[in-house]
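Trainee: Got a file for you: model-v4.txt, compact mmCIF, C-alpha atoms.
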# COMPACT_ATOMS: atom_id res chain seq x y z
CA MET A 1 88.39 119.81 -3.13
CA ALA A 2 86.19 119.02 -0.17
CA THR A 3 85.95 121.45 2.73
CA THR A 4 84.74 120.43 6.19
CA ARG A 5 83.34 122.00 9.32
CA ILE A 6 81.55 120.86 12.48
CA TRP A 7 79.53 122.60 15.19
CA ALA A 8 77.48 121.65 18.24
CA VAL A 9 73.70 121.18 18.32
CA ARG A 10 72.17 122.30 21.62
CA THR A 11 68.45 122.50 20.78
CA ARG A 12 65.78 120.60 18.84
CA LEU A 13 67.50 117.42 17.73
CA ASP A 14 64.34 116.50 15.78
CA HIS A 15 64.61 119.66 13.65
CA MET A 16 68.23 118.86 12.92
CA VAL A 17 67.31 115.35 11.73
CA ASP A 18 64.69 116.92 9.45
CA TYR A 19 67.22 119.40 8.07
CA VAL A 20 69.90 116.81 7.26
CA SER A 21 67.45 114.36 5.62
CA ASN A 22 65.20 117.02 4.01
CA ILE A 23 63.64 115.31 1.01
CA GLU A 24 63.61 118.50 -1.08
CA LYS A 25 67.39 118.78 -0.76
CA THR A 26 68.33 115.11 -1.16
CA ILE A 27 66.66 114.22 -4.47
CA ALA A 28 68.23 115.00 -7.80
CA LEU A 29 66.73 117.98 -9.65
CA GLU A 30 65.83 115.92 -12.70
CA SER A 31 63.75 113.62 -10.49
CA VAL A 32 61.45 116.31 -9.08
CA VAL A 33 58.68 115.98 -11.70
CA ASP A 34 58.66 112.17 -11.49
CA TYR A 35 58.88 112.40 -7.73
CA ALA A 36 55.68 114.47 -7.47
CA THR A 37 53.69 111.88 -9.42
CA ASN A 38 55.21 108.65 -8.13
CA GLU A 39 53.63 107.39 -4.89
CA ARG A 40 56.50 104.99 -4.19
CA LYS A 41 59.09 107.73 -4.43
CA THR A 42 57.21 110.09 -2.15
CA LEU A 43 57.89 107.69 0.70
CA ALA A 44 61.59 107.30 -0.13
CA LYS A 45 64.62 109.36 0.87
CA GLU A 46 67.18 109.57 -1.91
CA TYR A 47 70.79 110.12 -0.82
CA VAL A 48 70.11 109.74 2.89
CA SER A 49 71.87 107.02 4.89
CA CYS A 50 71.69 106.14 8.56
CA ILE A 51 74.65 104.55 10.33
CA ASN A 52 73.97 102.62 13.57
CA CYS A 53 70.41 104.01 13.79
CA SER A 54 67.00 103.35 12.27
CA TYR A 55 66.56 104.72 8.74
CA HIS A 56 62.83 105.20 9.37
CA ASP A 57 63.26 107.16 12.61
CA PRO A 58 66.86 108.12 13.47
CA TYR A 59 65.64 110.69 16.00
CA PHE A 60 63.96 107.94 18.05
CA SER A 61 67.16 105.85 17.96
CA MET A 62 69.32 108.75 19.14
CA VAL A 63 66.95 109.74 21.95
CA ASN A 64 66.76 106.12 23.12
CA THR A 65 70.55 105.97 23.31
CA LYS A 66 70.58 109.07 25.51
CA LYS A 67 67.88 107.59 27.76
CA GLN A 68 69.73 104.29 28.00
CA PHE A 69 72.85 106.04 29.38
CA ASN A 70 70.99 108.82 31.28
CA ASP A 71 72.74 111.47 29.20
CA ASP A 72 71.06 114.87 29.61
CA LYS A 73 74.05 117.06 28.73
CA GLN A 74 73.44 120.39 26.98
CA ILE A 75 75.11 119.44 23.68
CA LEU A 76 72.75 116.93 22.04
CA ALA A 77 74.64 116.23 18.82
CA PHE A 78 77.14 117.60 16.31
CA HIS A 79 76.34 118.83 12.82
CA ALA A 80 79.18 118.44 10.32
CA TYR A 81 79.48 119.61 6.74
CA GLN A 82 81.52 118.45 3.72
CA SER A 83 81.27 120.45 0.51
CA PHE A 84 82.82 119.70 -2.89
CA GLU A 85 84.12 121.91 -5.70
CA ALA A 86 81.35 122.78 -8.18
CA GLY A 87 81.06 120.16 -10.94
CA GLU A 88 83.66 117.82 -9.40
CA VAL A 89 81.26 115.14 -8.12
CA ASP A 90 77.83 113.81 -8.96
CA ALA A 91 75.23 112.89 -6.34
CA GLU A 92 76.16 109.20 -6.19
CA LEU A 93 79.88 109.80 -5.69
CA ALA A 94 79.31 112.58 -3.16
CA HIS A 95 77.04 110.35 -1.09
CA LYS A 96 79.42 107.40 -1.38
CA VAL A 97 82.29 109.58 -0.15
CA GLY A 98 80.08 110.96 2.64
CA VAL A 99 79.03 107.53 3.93
CA GLU A 100 82.62 106.23 3.82
CA TYR A 101 83.79 109.38 5.59
CA ALA A 102 81.15 109.05 8.34
CA LYS A 103 81.88 105.36 8.91
CA LYS A 104 85.61 105.97 9.19
CA LEU A 105 85.25 108.93 11.59
CA TRP A 106 82.30 107.96 13.78
CA GLY A 107 80.88 104.61 12.64
CA ASP A 108 82.42 102.43 15.33
CA ARG A 109 80.85 104.33 18.25
CA PHE A 110 78.18 106.83 17.20
CA GLU A 111 74.85 107.07 15.42
CA VAL A 112 75.09 109.20 12.28
CA VAL A 113 72.64 110.50 9.65
CA VAL A 114 74.28 111.31 6.30
CA GLY A 115 72.35 113.53 3.89
CA THR A 116 73.70 114.63 0.49
CA HIS A 117 72.15 117.97 -0.49
CA LEU A 118 71.91 118.61 -4.22
CA ASN A 119 70.07 121.90 -4.31
CA THR A 120 73.08 124.21 -4.76
CA GLU A 121 75.88 124.43 -7.31
CA HIS A 122 78.22 122.82 -4.79
CA ILE A 123 76.96 119.35 -3.86
CA HIS A 124 77.54 118.92 -0.15
CA ASN A 125 77.10 116.36 2.61
CA HIS A 126 75.56 117.01 6.02
CA PHE A 127 76.25 114.74 8.99
CA LEU A 128 74.29 114.62 12.22
CA ILE A 129 76.28 112.78 14.90
CA ASN A 130 74.70 111.81 18.21
CA ALA A 131 76.93 113.21 20.96
CA THR A 132 76.28 110.04 23.01
CA SER A 133 77.98 106.78 22.01
CA PHE A 134 75.62 103.83 21.63
CA VAL A 135 78.49 101.55 22.70
CA ASP A 136 79.23 102.84 26.21
CA GLY A 137 77.44 106.19 26.61
CA LYS A 138 80.67 108.19 26.44
CA ARG A 139 80.46 111.51 24.59
CA TYR A 140 81.99 112.86 21.43
CA CYS A 141 84.00 115.93 22.46
CA ASN A 142 85.03 117.53 19.13
CA THR A 143 88.53 118.58 20.19
CA ASN A 144 91.06 120.33 17.95
CA LYS A 145 92.55 116.91 17.30
CA ASP A 146 89.14 115.65 16.11
CA ILE A 147 88.76 118.63 13.75
CA HIS A 148 92.25 118.07 12.33
CA ASN A 149 91.44 114.38 11.89
CA MET A 150 88.23 115.28 10.03
CA ARG A 151 90.19 117.28 7.47
CA ASN A 152 92.89 114.64 7.03
CA ILE A 153 90.42 111.79 6.51
CA SER A 154 88.37 113.90 4.09
CA ASP A 155 91.51 114.56 2.05
CA GLU A 156 92.49 110.89 2.23
CA ILE A 157 89.13 109.73 0.83
CA CYS A 158 89.13 112.49 -1.81
CA ARG A 159 92.52 111.31 -3.07
CA LYS A 160 91.18 107.75 -3.19
CA TYR A 161 88.45 108.89 -5.62
CA ASN A 162 90.77 111.24 -7.56
CA LEU A 163 89.13 114.39 -6.20
CA SER A 164 91.17 117.54 -5.66
CA VAL A 165 92.50 118.47 -2.21
CA ILE A 166 94.26 121.55 -0.84
CA GLU A 167 97.92 120.60 -0.66
CA ASN A 168 100.11 122.49 1.84
CA PRO A 169 97.65 125.30 2.66
CA GLN A 170 99.47 128.56 3.51
CA ARG A 171 98.94 130.19 6.89
CA GLY A 172 97.40 133.60 6.70
CA GLY A 173 96.01 132.91 3.25
CA LYS A 174 92.50 131.89 2.34
CA SER A 175 90.89 129.22 4.44
CA ARG A 176 89.78 125.95 2.87
CA ALA A 177 86.22 127.25 2.84
CA GLN A 178 87.10 130.57 1.16
CA TYR A 179 87.93 128.81 -2.10
CA PHE A 180 84.26 129.15 -3.03
CA HIS A 181 83.36 132.20 -5.12
CA GLU A 182 81.36 134.97 -3.44
CA LYS A 183 78.57 134.65 -6.00
CA THR A 184 78.12 130.98 -5.10
CA LEU A 185 78.26 131.84 -1.39
CA LYS A 186 75.34 134.21 -1.81
CA GLU A 187 73.39 131.53 -3.67
CA MET A 188 73.95 129.10 -0.81
CA VAL A 189 72.85 131.70 1.75
CA ARG A 190 69.72 132.55 -0.26
CA GLU A 191 68.80 128.86 -0.39
CA SER A 192 69.21 128.54 3.39
CA ILE A 193 67.17 131.70 4.00
CA ASP A 194 64.38 130.50 1.71
CA PHE A 195 64.19 127.16 3.48
CA ALA A 196 64.18 128.76 6.95
CA ILE A 197 61.33 131.07 5.88
CA SER A 198 59.30 128.17 4.47
CA VAL A 199 59.17 126.39 7.85
CA SER A 200 58.93 129.42 10.14
CA PHE A 201 55.96 131.45 11.35
CA THR A 202 57.78 133.97 13.55
CA GLU A 203 61.06 135.88 13.39
CA LYS A 204 62.38 133.86 16.35
CA GLN A 205 61.65 130.57 14.57
CA PHE A 206 63.36 131.89 11.44
CA LEU A 207 66.54 132.81 13.32
CA ASN A 208 66.53 129.47 15.17
CA GLU A 209 66.31 127.57 11.87
CA LEU A 210 69.37 129.44 10.59
CA LYS A 211 71.26 128.63 13.80
CA LEU A 212 70.34 124.96 13.41
CA ALA A 213 71.87 125.09 9.94
CA GLY A 214 75.12 126.34 11.49
CA TYR A 215 74.87 130.05 10.72
CA GLU A 216 76.18 132.80 13.00
CA ILE A 217 73.83 135.79 13.15
CA ASN A 218 74.49 139.46 13.86
CA ILE A 219 71.47 141.77 14.30
CA THR A 220 71.46 145.58 14.42
CA ASP A 221 68.63 148.11 14.20
CA LYS A 222 69.02 148.34 10.42
CA ASN A 223 70.53 145.04 9.29
CA ILE A 224 70.59 141.29 9.79
CA SER A 225 73.92 139.71 8.82
CA VAL A 226 74.75 136.00 8.70
CA LYS A 227 77.93 133.98 8.41
CA HIS A 228 77.78 130.70 6.49
CA PRO A 229 79.24 127.65 8.33
CA CYS A 230 82.03 127.29 5.77
CA HIS A 231 82.96 130.96 5.33
CA ASN A 232 84.65 133.60 7.46
CA LYS A 233 82.71 136.71 6.46
CA PHE A 234 79.30 138.04 7.41
CA ILE A 235 76.82 138.86 4.62
CA ARG A 236 74.08 141.45 5.00
CA LEU A 237 70.83 139.82 4.01
CA LYS A 238 69.63 142.92 2.17
CA SER A 239 72.64 142.52 -0.19
CA LEU A 240 71.07 139.27 -1.44
CA GLY A 241 68.27 141.12 -3.27
CA LYS A 242 64.95 142.90 -2.80
CA SER A 243 63.33 139.78 -1.32
CA TYR A 244 65.81 139.78 1.58
CA THR A 245 65.40 143.24 3.10
CA ASN A 246 64.22 143.31 6.72
CA GLU A 247 60.72 144.40 5.76
CA ARG A 248 60.33 141.85 2.96
CA LEU A 249 61.73 139.03 5.13
CA MET A 250 59.08 139.66 7.79
CA GLU A 251 56.35 139.76 5.15
CA ARG A 252 57.52 136.38 3.83
CA ILE A 253 57.79 134.86 7.31
CA LEU A 254 54.29 136.04 8.27
CA ASP A 255 52.74 135.10 4.93
CA LEU A 256 49.53 133.18 5.66
CA ASN A 257 49.60 131.47 2.26
CA LYS A 258 52.65 129.25 2.64
CA GLU A 259 52.44 126.05 0.59
CA GLU A 260 50.59 123.29 2.37
CA ASN A 261 53.42 120.84 1.71
CA GLN A 262 55.26 122.37 4.68
CA THR A 263 53.26 120.31 7.17
CA ILE A 264 54.63 117.96 9.78
CA TYR A 265 53.80 115.11 7.39
CA SER A 266 55.96 116.37 4.54
CA LYS A 267 58.88 116.56 6.98
CA LYS A 268 58.24 112.90 7.81
CA CYS A 269 58.16 112.07 4.06
CA PHE A 270 54.51 110.97 4.27
CA GLN A 271 51.84 112.15 1.83
CA ILE A 272 48.74 112.93 3.89
CA LYS A 273 46.69 114.51 1.06
CA PRO A 274 45.62 111.19 -0.57
CA TYR A 275 44.10 110.11 2.75
CA PHE A 276 41.98 113.25 2.90
CA GLU A 277 40.73 112.45 -0.58
CA LYS A 278 39.89 108.91 0.57
CA MET A 279 38.11 110.32 3.62
CA HIS A 280 35.88 112.51 1.43
CA LYS A 281 35.05 109.44 -0.67
CA GLY A 282 34.14 107.44 2.46
CA GLU A 283 36.99 104.97 1.94
CA LEU A 284 38.59 105.28 5.40
CA GLY A 285 37.69 103.51 8.63
CA LYS A 286 36.24 105.22 11.69
CA LEU A 287 39.56 105.45 13.56
CA GLN A 288 41.37 106.93 10.55
CA ARG A 289 38.58 109.47 9.92
CA LEU A 290 38.65 110.53 13.58
CA PHE A 291 42.38 111.32 13.62
CA LEU A 292 42.26 113.22 10.32
CA HIS A 293 39.08 115.14 11.13
CA TYR A 294 40.44 116.19 14.54
CA GLN A 295 43.56 117.71 12.96
CA TYR A 296 41.49 119.33 10.22
CA VAL A 297 39.11 120.98 12.71
CA LEU A 298 42.03 122.38 14.68
CA GLY A 299 43.63 123.68 11.50
CA ILE A 300 46.80 121.60 11.84
CA ILE A 301 46.19 120.13 8.36
CA PRO A 302 45.61 121.19 5.71
CA LYS A 303 44.67 124.66 6.99
CA ASP A 304 47.15 127.11 8.51
CA ASN A 305 47.44 126.28 12.20
CA ARG A 306 48.05 129.90 13.23
CA ILE A 307 44.55 131.24 12.58
CA LYS A 308 42.38 129.19 14.94
CA PRO A 309 42.00 131.39 18.05
CA LYS A 310 38.64 129.80 18.90
CA TYR A 311 40.27 126.50 19.78
CA SER A 312 43.57 127.96 20.96
CA GLU A 313 43.76 125.93 24.20
CA GLU A 314 43.06 122.61 22.48
CA LEU A 315 45.29 123.59 19.58
CA GLN A 316 48.22 124.40 21.86
CA GLU A 317 47.82 121.04 23.57
CA ALA A 318 47.74 119.27 20.20
CA ILE A 319 50.82 121.15 18.96
CA ARG A 320 52.73 120.06 22.07
CA HIS A 321 52.03 116.45 21.07
CA ILE A 322 51.99 116.94 17.29
CA ASP A 323 54.97 114.65 16.68
CA GLU A 324 53.23 111.82 18.52
CA ILE A 325 49.83 112.53 16.90
CA SER A 326 51.33 112.63 13.41
CA ASN A 327 53.25 109.38 14.00
CA GLN A 328 50.04 107.72 15.21
CA THR A 329 48.16 109.01 12.16
CA ILE A 330 50.85 107.69 9.82
CA LEU A 331 50.76 104.31 11.58
CA ILE A 332 46.98 103.80 11.29
CA CYS A 333 46.88 105.09 7.70
CA ARG A 334 49.91 103.22 6.40
CA ASN A 335 48.79 99.93 8.00
CA ASP A 336 45.11 100.50 7.12
CA ILE A 337 43.95 100.21 10.75
CA LYS A 338 40.27 101.18 10.62
CA SER A 339 39.02 100.38 14.13
CA ILE A 340 40.11 99.78 17.72
CA ASP A 341 39.67 96.01 17.18
CA GLU A 342 42.04 96.14 14.20
CA LEU A 343 44.42 98.23 16.29
CA GLN A 344 44.53 95.55 19.00
CA ALA A 345 45.13 92.86 16.38
CA TYR A 346 48.03 94.93 15.01
CA VAL A 347 49.47 95.33 18.53
CA ASN A 348 49.30 91.55 19.10
CA LYS A 349 51.06 90.88 15.79
CA THR A 350 53.73 93.52 16.50
CA GLU A 351 54.36 92.20 20.02
CA THR A 352 54.86 88.70 18.61
CA GLU A 353 57.31 90.06 16.03
CA LEU A 354 59.12 92.03 18.74
CA ASN A 355 59.44 89.02 21.06
CA ASN A 356 60.76 86.84 18.23
CA THR A 357 63.32 89.49 17.24
CA ILE A 358 64.48 89.93 20.85
CA LYS A 359 64.85 86.13 21.19
CA GLN A 360 66.83 86.03 17.96
CA ARG A 361 69.18 88.76 19.17
CA GLN A 362 69.58 87.06 22.55
CA GLY A 363 70.39 83.83 20.72
CA TYR A 364 73.24 85.55 18.91
CA ARG A 365 74.49 87.02 22.19
CA ASN A 366 74.44 83.57 23.82
CA GLN A 367 76.48 82.20 20.91
CA ILE A 368 78.96 85.08 21.30
CA ARG A 369 79.65 84.11 24.92
CA ARG A 370 80.36 80.50 23.92
CA CYS A 371 82.28 81.31 20.74
CA LYS A 372 86.10 81.22 20.88
CA ASP A 373 86.85 82.16 17.26
CA GLU A 374 87.26 85.95 17.00
CA ASP A 375 86.14 86.18 13.35
CA ALA A 376 83.01 84.14 14.03
CA LYS A 377 82.37 86.19 17.16
CA ASN A 378 82.54 89.44 15.18
CA ILE A 379 80.05 88.09 12.64
CA LEU A 380 77.66 87.19 15.44
CA LYS A 381 78.08 90.64 16.99
CA ASP A 382 77.20 92.27 13.65
CA LYS A 383 74.09 90.07 13.34
CA ALA A 384 72.95 90.96 16.87
CA LYS A 385 73.65 94.64 16.33
CA ALA A 386 71.68 94.66 13.05
CA LEU A 387 68.52 93.61 14.91
CA THR A 388 68.60 96.52 17.38
CA PRO A 389 67.06 99.15 15.02
CA ASP A 390 64.18 96.75 14.26
CA ILE A 391 63.58 96.16 17.96
CA ARG A 392 63.50 99.91 18.63
CA ARG A 393 61.10 100.47 15.73
CA LEU A 394 58.72 97.76 16.97
CA GLN A 395 58.87 99.10 20.54
CA LYS A 396 58.01 102.55 19.26
CA GLU A 397 55.05 101.26 17.25
CA ILE A 398 53.65 99.43 20.28
CA ALA A 399 54.02 102.57 22.42
CA LEU A 400 52.20 104.61 19.76
CA CYS A 401 49.38 102.04 19.56
CA GLN A 402 48.91 102.00 23.31
CA MET A 403 48.16 105.74 23.27
CA ILE A 404 45.85 105.72 20.22
CA GLU A 405 42.77 104.36 22.01
CA SER A 406 42.90 106.90 24.88
CA ARG A 407 43.67 109.73 22.45
CA SER A 408 40.72 108.73 20.26
CA LEU A 409 38.38 109.12 23.26
CA GLU A 410 39.76 112.62 23.93
CA MET A 411 39.35 113.54 20.25
CA ASN A 412 35.77 112.27 20.21
CA LYS A 413 34.91 114.27 23.32
CA PHE A 414 36.39 117.47 21.87
CA LEU A 415 34.69 117.08 18.48
CA ASN A 416 31.34 116.30 20.12
CA GLU A 417 31.62 119.50 22.18
CA ILE A 418 32.41 121.51 19.04
CA GLU A 419 29.42 119.99 17.23
CA LYS A 420 27.13 120.63 20.22
CA ASP A 421 28.30 124.25 20.37
CA ARG A 422 27.70 124.67 16.64
CA ARG A 423 24.14 123.29 16.90
CA THR A 424 23.33 125.52 19.90
CA LYS A 425 24.42 128.63 18.03
CA GLN A 426 22.51 127.54 14.94
CA HIS A 427 19.37 127.02 17.06
CA GLU A 428 19.77 130.46 18.68
CA ARG A 429 19.87 132.13 15.26
CA TYR A 430 16.44 130.71 14.45
Take the structure I supplied and represent it as structure tokens, if you would.
Mentor:
Amino acid sequence: MATTRIWAVRTRLDHMVDYVSNIEKTIALESVVDYATNERKTLAKEYVSCINCSYHDPYFSMVNTKKQFNDDKQILAFHAYQSFEAGEVDAELAHKVGVEYAKKLWGDRFEVVVGTHLNTEHIHNHFLINATSFVDGKRYCNTNKDIHNMRNISDEICRKYNLSVIENPQRGGKSRAQYFHEKTLKEMVRESIDFAISVSFTEKQFLNELKLAGYEINITDKNISVKHPCHNKFIRLKSLGKSYTNERLMERILDLNKEENQTIYSKKCFQIKPYFEKMHKGELGKLQRLFLHYQYVLGIIPKDNRIKPKYSEELQEAIRHIDEISNQTILICRNDIKSIDELQAYVNKTETELNNTIKQRQGYRNQIRRCKDEDAKNILKDKAKALTPDIRRLQKEIALCQMIESRSLEMNKFLNEIEKDRRTKQHERY
């Protein structure tokens, strides 16, 4: 049977998007070896679907919706969960059920990211729902009625696909979520702990990552206990094994040798390493080399960005804008933009594409106003709506391009100062 739960997201919407669509959780286990060696697959997201928002950047779509309706409320989104009995579904069916479930519950008014996680015995779906409706800006409230409706619709869809459901659950007995075995619960908690450690550099970051995943946390002088989103009991982390004692957890969090695939680029499903190899071979253009070299000098990639005290001020500034810098780097690498002249040509081409797409959408909207047939009008509305994610993507690319030239000048200035300082010190030694 499928169990469900939902909770509010109040901080870091971008982290929540990363968590739901995490590529390491949404590809089948048997595909991992092929995945590591297949360049096409490294740019894909298996078992991730976006409803009413851009597949390539759902975070941008959701933020734009909030800006459009001036929504700055504390609750940014809702994170929902749907887990299946072990062995009852495969990845394809679980994702199909998840997408159908999301469309039926939220698809008419809200932007939703659906991610099917396959890295535990119980295949489970995660849903990130923008709290702001893209239709009219009204908010999703998550009332008791909504929660009851979630369970009923989940059961309805499970019956449709001949999956088990909990019929006539008894009050005072086990909750829907407690049907999982304790051994499996501990496995799920270990997996969440391991992931939180892999992307955290401080204890505070670690605890925040667990909260983003829906965990409740209880801390005492001797123990850290957590409660899984779909269970009613706290588990002491030290009961999970020797690697989860307080002392060992801190050692793992502070480990300076974390795998380099935990960079901002891996979270964006972009392989940056091949471009460093091209840079060393002299195969990249000046603009591409500048952006990569700047991040390398600061230690953002591929070095550990925590051990660069010499450039701490510049590093802190770069980290504040790392999402923008990484998106700009991906844009100039993926589109092979080697110089400022090529950048301007790309901007001109993108602006033309944007204007044509806006005109096409406006054309559909004009037809809607004149159309009297409801069926035809609905078709036109769907066509107009389908163009909106493309328009947002093109607008974002133009905005990124407009900042690249000024940022390249700042990078050049910084790198020149570093080189001048290095030469001065070298001269003083002799």
Trainee: Using all atoms listed in the file, pick whichever of A:Ile404, A:Ile358, A:Val99, A:Val63 has the shortest atom-to-atom distance to Leu331 (chain A).
Mentor: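 Closest to Leu331 (chain A), using all atoms listed in the file: A:Ile404.
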Trainee: Closest to Phe60 (chain A) among A:Leu207, A:Leu394, A:Ala91, A:Cys401, using only C-alpha atoms?
Mentor: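 Ranked by minimum distance to Phe60 (chain A), first place goes to A:Leu394.
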Trainee: Which neighbours of region 68-73 of chain A fall inside 10 Å, counting only C-alpha atoms, when residues of the same chain fewer than 2 positions from it are skipped, and could you give them as a ChimeraX atom specification?
Mentor: /A:10,62-66,75-77,131-139
Trainee: Could those residues be written to a file, using C-alpha atoms, as a PDB file, keeping the file's coordinate frame?
Mentor:
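Output saved as selection09.pdb:
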ATOM      1  CA  ARG A  10      72.170 122.300  21.620  1.00  0.00           C
ATOM      2  CA  MET A  62      69.320 108.750  19.140  1.00  0.00           C
ATOM      3  CA  VAL A  63      66.950 109.740  21.950  1.00  0.00           C
ATOM      4  CA  ASN A  64      66.760 106.120  23.120  1.00  0.00           C
ATOM      5  CA  THR A  65      70.550 105.970  23.310  1.00  0.00           C
ATOM      6  CA  LYS A  66      70.580 109.070  25.510  1.00  0.00           C
ATOM      7  CA  ILE A  75      75.110 119.440  23.680  1.00  0.00           C
ATOM      8  CA  LEU A  76      72.750 116.930  22.040  1.00  0.00           C
ATOM      9  CA  ALA A  77      74.640 116.230  18.820  1.00  0.00           C
ATOM     10  CA  ALA A 131      76.930 113.210  20.960  1.00  0.00           C
ATOM     11  CA  THR A 132      76.280 110.040  23.010  1.00  0.00           C
ATOM     12  CA  SER A 133      77.980 106.780  22.010  1.00  0.00           C
ATOM     13  CA  PHE A 134      75.620 103.830  21.630  1.00  0.00           C
ATOM     14  CA  VAL A 135      78.490 101.550  22.700  1.00  0.00           C
ATOM     15  CA  ASP A 136      79.230 102.840  26.210  1.00  0.00           C
ATOM     16  CA  GLY A 137      77.440 106.190  26.610  1.00  0.00           C
ATOM     17  CA  LYS A 138      80.670 108.190  26.440  1.00  0.00           C
ATOM     18  CA  ARG A 139      80.460 111.510  24.590  1.00  0.00           C
TER      19      ARG A 139
END
Trainee: State, in Å with one decimal place, the distance from CA of Phe414 (chain A) to CA of Leu290 (chain A).
Mentor: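 Between CA of Phe414 (chain A) and CA of Leu290 (chain A) the gap is 11.0 Å.
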Trainee: My list of candidates is A:Lys281, A:Asn130, A:Leu415, A:His117. Which is closest to Tyr296 (chain A) when distances are computed with all atoms listed in the file?
Mentor: A:Leu415
Trainee: For the atom pair CA of Ile197 (chain A) and CA of Pro58 (chain A), what is the interatomic distance in Å to one decimal place?
Mentor: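 Between CA of Ile197 (chain A) and CA of Pro58 (chain A) the gap works out to 24.8 Å.
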Trainee: With all atoms listed in the file as the basis for distance, which of A:Ser164, A:Ser408, A:Ser225, A:Gln395 is at the shortest distance from Gln295 (chain A)?
Mentor: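 Once distances to Gln295 (chain A) are computed over all atoms listed in the file, the minimum belongs to A:Ser408.
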Trainee: Record the distance separating CA of Glu92 (chain A) and CA of Asp155 (chain A), expressed in Å with one decimal.
Mentor: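 Computing it gives 18.2 Å between the two atoms.
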Trainee: Using all atoms listed in the file, which residue out of A:Phe291, A:Tyr265, A:Ser54, A:Leu254 lies closest to Leu409 (chain A)?
Mentor: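 Residue with the minimum atom-to-atom distance to Leu409 (chain A): A:Phe291.
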Trainee: Taking all atoms listed in the file into account, which of A:Tyr364, A:Glu351, A:Ile325, A:Glu216 comes nearest Ala384 (chain A)?
Mentor: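 For Ala384 (chain A), the nearest of the given residues is A:Tyr364.
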Trainee: Please provide the set of residues having any atom within 8 Å of Arg393 (chain A), restricted to all atoms listed in the file, with same-chain residues fewer than 3 positions apart removed, written as number ranges by chain.
Mentor: A: 54, 57, 389-390, 396-397
Trainee: List every protein, DNA or RNA residue that has an atom no more than 12 Å from (78.0, 106.2, -3.5) in the file's coordinate frame, counting all atoms listed in the file, and report them as a PyMOL selection string.
Mentor: chain A and resi 46-49+89-101+114-116+125+161
Trainee: Taking 3 positions as the minimum chain separation for residues in the same chain, which residues sit within 6 Å of Val226 (chain A) when counting only C-alpha atoms? Answer as a tab-separated table (two decimals) with C-alpha atoms, keeping the file's coordinate frame.
Mentor:
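Writing the result to selection.tsv gives the following:
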chain	number	residue	atom	x	y	z
A	216	GLU	CA	76.18	132.80	13.00
A	217	ILE	CA	73.83	135.79	13.15
A	234	PHE	CA	79.30	138.04	7.41
A	235	ILE	CA	76.82	138.86	4.62
Trainee: Tell me which protein, DNA and RNA residues are within 12 Å of Asn348 (chain A), counting all atoms listed in the file, leaving out same-chain ones fewer than 5 positions away, and put them as a ChimeraX atom specification.
Mentor: /A:341-343,353-355,394,397-398,401-402
Trainee: Please provide as a compact mmCIF listing (two decimals) with C-alpha atoms, keeping the file's coordinate frame all residues within 7 Å of Ile6 (chain A), with the sequence filter that same-chain residues fewer than 2 positions apart are discarded (counting all atoms listed in the file).
Mentor:
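Output file out01.txt is given in full below:
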# COMPACT_ATOMS: atom_id res chain seq x y z
CA PHE A 78 77.14 117.60 16.31
CA HIS A 79 76.34 118.83 12.82
CA ALA A 80 79.18 118.44 10.32
CA TYR A 81 79.48 119.61 6.74
